[in-house]
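Step one of this worksheet: look at the structure below.
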Amino acid sequence: MSRVVFLDERCKGCLLCTTVCPKGIIVQSSRFNRQGYKVAEVPADAMKDCTGCASCALICPDVAIRVIKSRKAKKAGKE
Amino acid sequence: MQADERLALADDEQMAFEVPDVLVDRATHYCPGCHHGIAHRLVAEVLEEMGVVDDTICVASIGCSVFIYNYLAVDSVEAPHGRAPAVATGVKRGRTDKIVFTYQGDGDLASIGLAEVMHAANRGERITIVFVNNTVYGMTGGQMAPTTLIGQKTTTCPGGRCRDREGMPIRMAEIIAGLGGVAYSARASLDSVKNIRAAKKAVRKAFDVQQQGLGFGFVELLSGCPTNWRMDAVKANTRIREEMIPYFPLGVYKDVTEGEGVC
Amino acid sequence: MPHNTTDTGTPERIFIKGNEAIAHGALAAGCRCYFGYPITPQNDIPEMMSYALPDAGGEFVQAESEVASANMLLGAAAAGIRALTSSSSPGISLMQEAISYMAGSELPGVIVNMNRGGPGLGDIGPSQGDYFQSVKGGGHGDYKLLVLAPATCQECYDMMVQAFDLAFKYRNPVMVLGDAIVGQMKEPVTPWKPAAVPATEAADWRLEGAKGRKPRLLKSLFLEDGALAGQNRHLQAKYAAMQAEAKAESFLTEDAELIVVAYGSIGRIAKSAIRKLRAQGHKVGLVRPQTLFPFPGPLLRGLAEQGKRFLTIEHNCGQMVEDVRLSIRGIVDSAFYGHMPGEMPGSDDFLAPILDAMGGK
C-alpha cells in the first residue's frame with residue numbers, strides 16, 4: 001500500500017495535484033493553514049487507492065507532498 | 001510535528017519522491033500555482049544528480065525569481081535587470097572550473113536583457129540559462145512582456161496585445177538556437193507530469209553541455225502565472241496547453257551532441 | 001612582458017603611451033580579466049590587453065556594449081578575481097547601472113575612464129567634464145568610488161597597482177580618471193613589480209561553490225525592515241574610513257601666496273605655468289589632488305588657515321571647484337578658471353588667470 005503526506009503549512013491550495021492523480025483521490029479539504037490557504041488532502045478512506053506514482057508530488061510547485069510507497073506494493077505493481 | 005510522524009517510514013516503506021537537499025526547506029514567496037517552485041526543484045535535482053552543487057554559482061536576475069537564492073543553497077550573486085548573462089560571463093571567465101547558471105524571466109531575458117543573452121550565447125559562453133517564460137511581468141504586477149500572446153490582456157495592454165501595436169510575441173528558444181556558440185537550446189513546459197519529466201531532461205542537458213565544455217546551454221520553461229493571468233492555477237495550466245504551447249512549440253531546437261558537431 | 005630588466009636587474013625605462021601604461025600596470029597588479037568595448041581615446045588599453053592578458057593566463061572579452069562590460073566586471077568581481085574595464089565618457093555613462101550594483105554589493109573592480117569632451121557625443125579630445133560623475137557616485141543611490149587621477153604615464157602605471165589594492169582593501173569599485181592627454185601622450189615609464197596577489201585575497205567572501213560551508217550571497221537588494229538603512233550606514237562608515245587614502249602632490253606651496261588646485265593632465269600643465277611665473281618672482285604654488293575621492297580637503301584647509309588664497313583650474317565649466325570651496329569654507333573662497341572642453345589648453349593659457357587671481361588680493 002502506498003500513501004501520500006500533505007505538508008499543510010507548505011500547501012497553497014492551488015489544487016494542481018488534484019488534476020494529475022490517476023485515481024482521483026486528492027481533494028480540497030475544509031482546513032485552512034496558517035497562511036489562509038485551503039489545503040489539499042486524500043481522505044483517509046481513499047488512501048488505499050494510492051498507487052505511489054508521485055505525479056502529485058511532481059506537479060506540486062511547493063514541495064508540499066511526500067509520497068511513500070511500500071516495497072510490496074511496488075512489486076505487486078510490476079507483476 | 002504532525003507531518004514528521006506521518007513521514008516516518010515503516011520497515012517495508014520507502015520514499016517514492018526524493019526532495020533534493022540543495023532545495024532549502026522553506027515555504028516560497030511565490031503565489032499559489034506559480035511554476036517557479038517546480039523550476040527551482042528541477043534545477044536542484046539536476047545539480048545534485050550531476051554532483052556539482054558545491055561547485056555551482058547562481059546568477060539571480062530581477063523579477064519574482066530574484067529570491068532564488070533563498071531557495072537554492074548555492075553561492076549566488078544578484079545581477080541588474082537583464083544583465084545576468086553578462087554577469088555570468090564574468091563569473092565563468094574568472095572561474096572557468098565552476099558551473100555557472102542564470103535563472104531569468106521573460107521580461108528580464110527577452111526584453112531588457114536581449115543583447116546580453118544573445119551575445120553570451122553567440123560567444124558560446126560555457127554557462128547555462130534557465131529561462132522561465134510566463135508571458136507577463138510578474139513581480140511588477142502583470143504588465144505586458146515581449147512574450148505576451150496576441151489578444152492576452154495585461155495591465156499595459158488592457159485591450160489585449162495587438163500585433164500592429166505591440167508586435168508579435170518573441171520566441172527565444174528558436175532565436176538562441178540560431179546563434180553560433182549555442183550547444184543546446186530547447187523549450188519545455190511545466191504544465192503536466194509528462195512535460196515536467198521532459199523539462200527535467202532538458203534542464204539536465206543544458207547543464208551537461210556546460211560541464212562538457214561544448215558551449216552555451218539554454219532551456220526555456222513555459223510556466224503559469226495564475227495571479228497575473230487572473231485565473232486559478234488549474235485554468236492556468238489549461239491555458240499553457242491550449243494557448244501557449246501552440247505558439248511556443250515544445251522541443252529541442254539545437255543539440256550539438258546529436259550530430260551537429262561541437263560549436 | 002611588462003617587466004623589462006637589464007642584466008644588472010635595474011628596471012629599464014620603456015617609452016609608452018599612458019593607455020599602454022594603464023595596461024602594463026594592470027598586468028603587474030595581477031589583473032586576470034579584462035572586459036571592454038571600443039571607444040576613442042582609450043582603445044590602446046583593450047588592444048594591448050587582448051594579446052597580453054591571454055599570454056598571462058587571463059581572459060579577455062570584447063563585450064557587446066559598455067553595459068555588458070561593466071556587468072562582466074561585476075561577475076568576475078563576485079568570483080574574487082582582479083578584473084578591469086576601461087572606456088571613455090559616453091561608455092562610462094552606460095556603465096553606471098552596474099557600478100551602482102557593485103558599490104551596493106561591495107564588489108571590487110577597476111574602471112578606467114579616459115575622459116573625453118561632452119555632453120553627449122562631445123568630441124574625442126581631452127576634458128575633465130566627468131569629475132562630478134566620478135566622485136559623486138555617478139549612478140543611483142548613495143555611494144562613492146575611490147577615484148585616482150594620473151597626470152603622467154608613470155602614474156598611469158603606478159595608480160593601476162594602487163587601484164587594485166584599494167578595490168580589494170575596501171571591497172569597492174575604483175575609478176582611474178585620466179583624459180585624452182595622459183592616455184595618448186608617450187613618456188618613459190619605469191615598470192616595477194608589486195608584491196604578488198595573496199591567494200587568500202577575497203577568500204572570505206568570493207563565490208566559488210559552497211563546499212564545506214554555508215552558501216554565500218552577494219547582493220544589493222535589502223527588503224527586510226531596517227536592512228537597507230543598515231547597509232547604507234555601513235557603506236557610509238566605509239567611505240569615511242577611505243579618507244585615510246587621500247593623496248595630493250604639493251609643489252612650492254610653502255611660501256606661496258596663491259595655491260592653484262588642479263588635477264590630472266591639467267595639474268601638470270598648471271605646474272608648467274607656475275614654473276614660468278615663479279621665474280618672474282610670483283609666489284604661486286600647486287596642489288594636485290591624486291585622489292579625487294577621497295578629496296584632500298584637510299590639506300587644502302590647512303593651507304587656507306595659513307592665509308593662502310586659492311584658484312581652481314579645471315578643463316570643464318566648474319566641478320572640482322565646488323569640493324575645493326567646501327574644503328576651505330568659512331576661511332576663504334577659491335577663484336576659478338575653466339578651460340572650455342573642446343579646446344586644448346597649454347600652460348600659457350593659465351598665466352593670465354593665475355595673475356588675475358594673485359592680483360585680486
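Here's how to read the names in the C-alpha cells: chain A, B, ... by the order shown, residue numbers from 1 in each chain, ligand numbers from 1 in the order shown.
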When the cut-off is 6 Å and we count only C-alpha atoms, which residues of chain B are near chain C, given as number ranges by chain? B: 54-57, 73-78, 86-91, 94
Distance filter 7 Å, only C-alpha atoms, chain B against chain A, as a list in words: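 Here is what falls inside 7 Å: Ala3, Arg6, Asp12, Glu13, Gln14, Met15, Ala16, Phe17, Ala27, Pro32, Gly33, Cys34, His35, Gly37, Ile38, Ser192, Val193, Ala233 and Val234 of chain B.
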re CA of Ala196 (chain C) and CA of Arg13 (chain C): distance 21.5 Å
As a list in words, please: every residue in region 39-72 of chain A that a backbone DSSP assignment puts in helix (DSSP H, G or I).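 Here are the helix (DSSP H, G or I) residues of region 39-72 of chain A: Ala44, Asp45, Ala46, Met47, Lys48, Asp49, Ser55, Cys56, Ala57, Leu58, Ile59, Arg71 and Lys72 of chain A.
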Expected file: the selected residues, C-alpha atoms, as a PDB file, in the first residue's frame:
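What follows is the written file part-v9.pdb:
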ATOM      1  CA  ALA A  44      -8.495   8.529   4.937  1.00  0.00           C
ATOM      2  CA  ASP A  45     -10.842   6.046   3.334  1.00  0.00           C
ATOM      3  CA  ALA A  46      -9.463   6.782  -0.160  1.00  0.00           C
ATOM      4  CA  MET A  47      -5.773   6.388   0.688  1.00  0.00           C
ATOM      5  CA  LYS A  48      -5.915   2.652  -0.025  1.00  0.00           C
ATOM      6  CA  ASP A  49      -6.251   3.509  -3.707  1.00  0.00           C
ATOM      7  CA  SER A  55       2.541  12.545 -10.020  1.00  0.00           C
ATOM      8  CA  CYS A  56       1.040  14.825  -7.365  1.00  0.00           C
ATOM      9  CA  ALA A  57       4.476  15.489  -5.842  1.00  0.00           C
ATOM     10  CA  LEU A  58       5.969  16.104  -9.251  1.00  0.00           C
ATOM     11  CA  ILE A  59       3.484  18.796 -10.210  1.00  0.00           C
ATOM     12  CA  ARG A  71       8.068  -2.243  -1.262  1.00  0.00           C
ATOM     13  CA  LYS A  72       5.388  -4.892  -1.582  1.00  0.00           C
TER      14      LYS A  72
END
Spatial neighbours of Met244 (chain B), max dist 10 Å, only C-alpha atoms, sep filter under 3 positions, as a ChimeraX atom specification: /B:133-135,147-149,189,222-224,237-241,247-250
I want to know what sits within 8 Å of Gly338 (chain C), based on only C-alpha atoms, with residues of the same chain fewer than 4 positions away left out; could you give that as a PyMOL selection string? chain C and resi 313-318
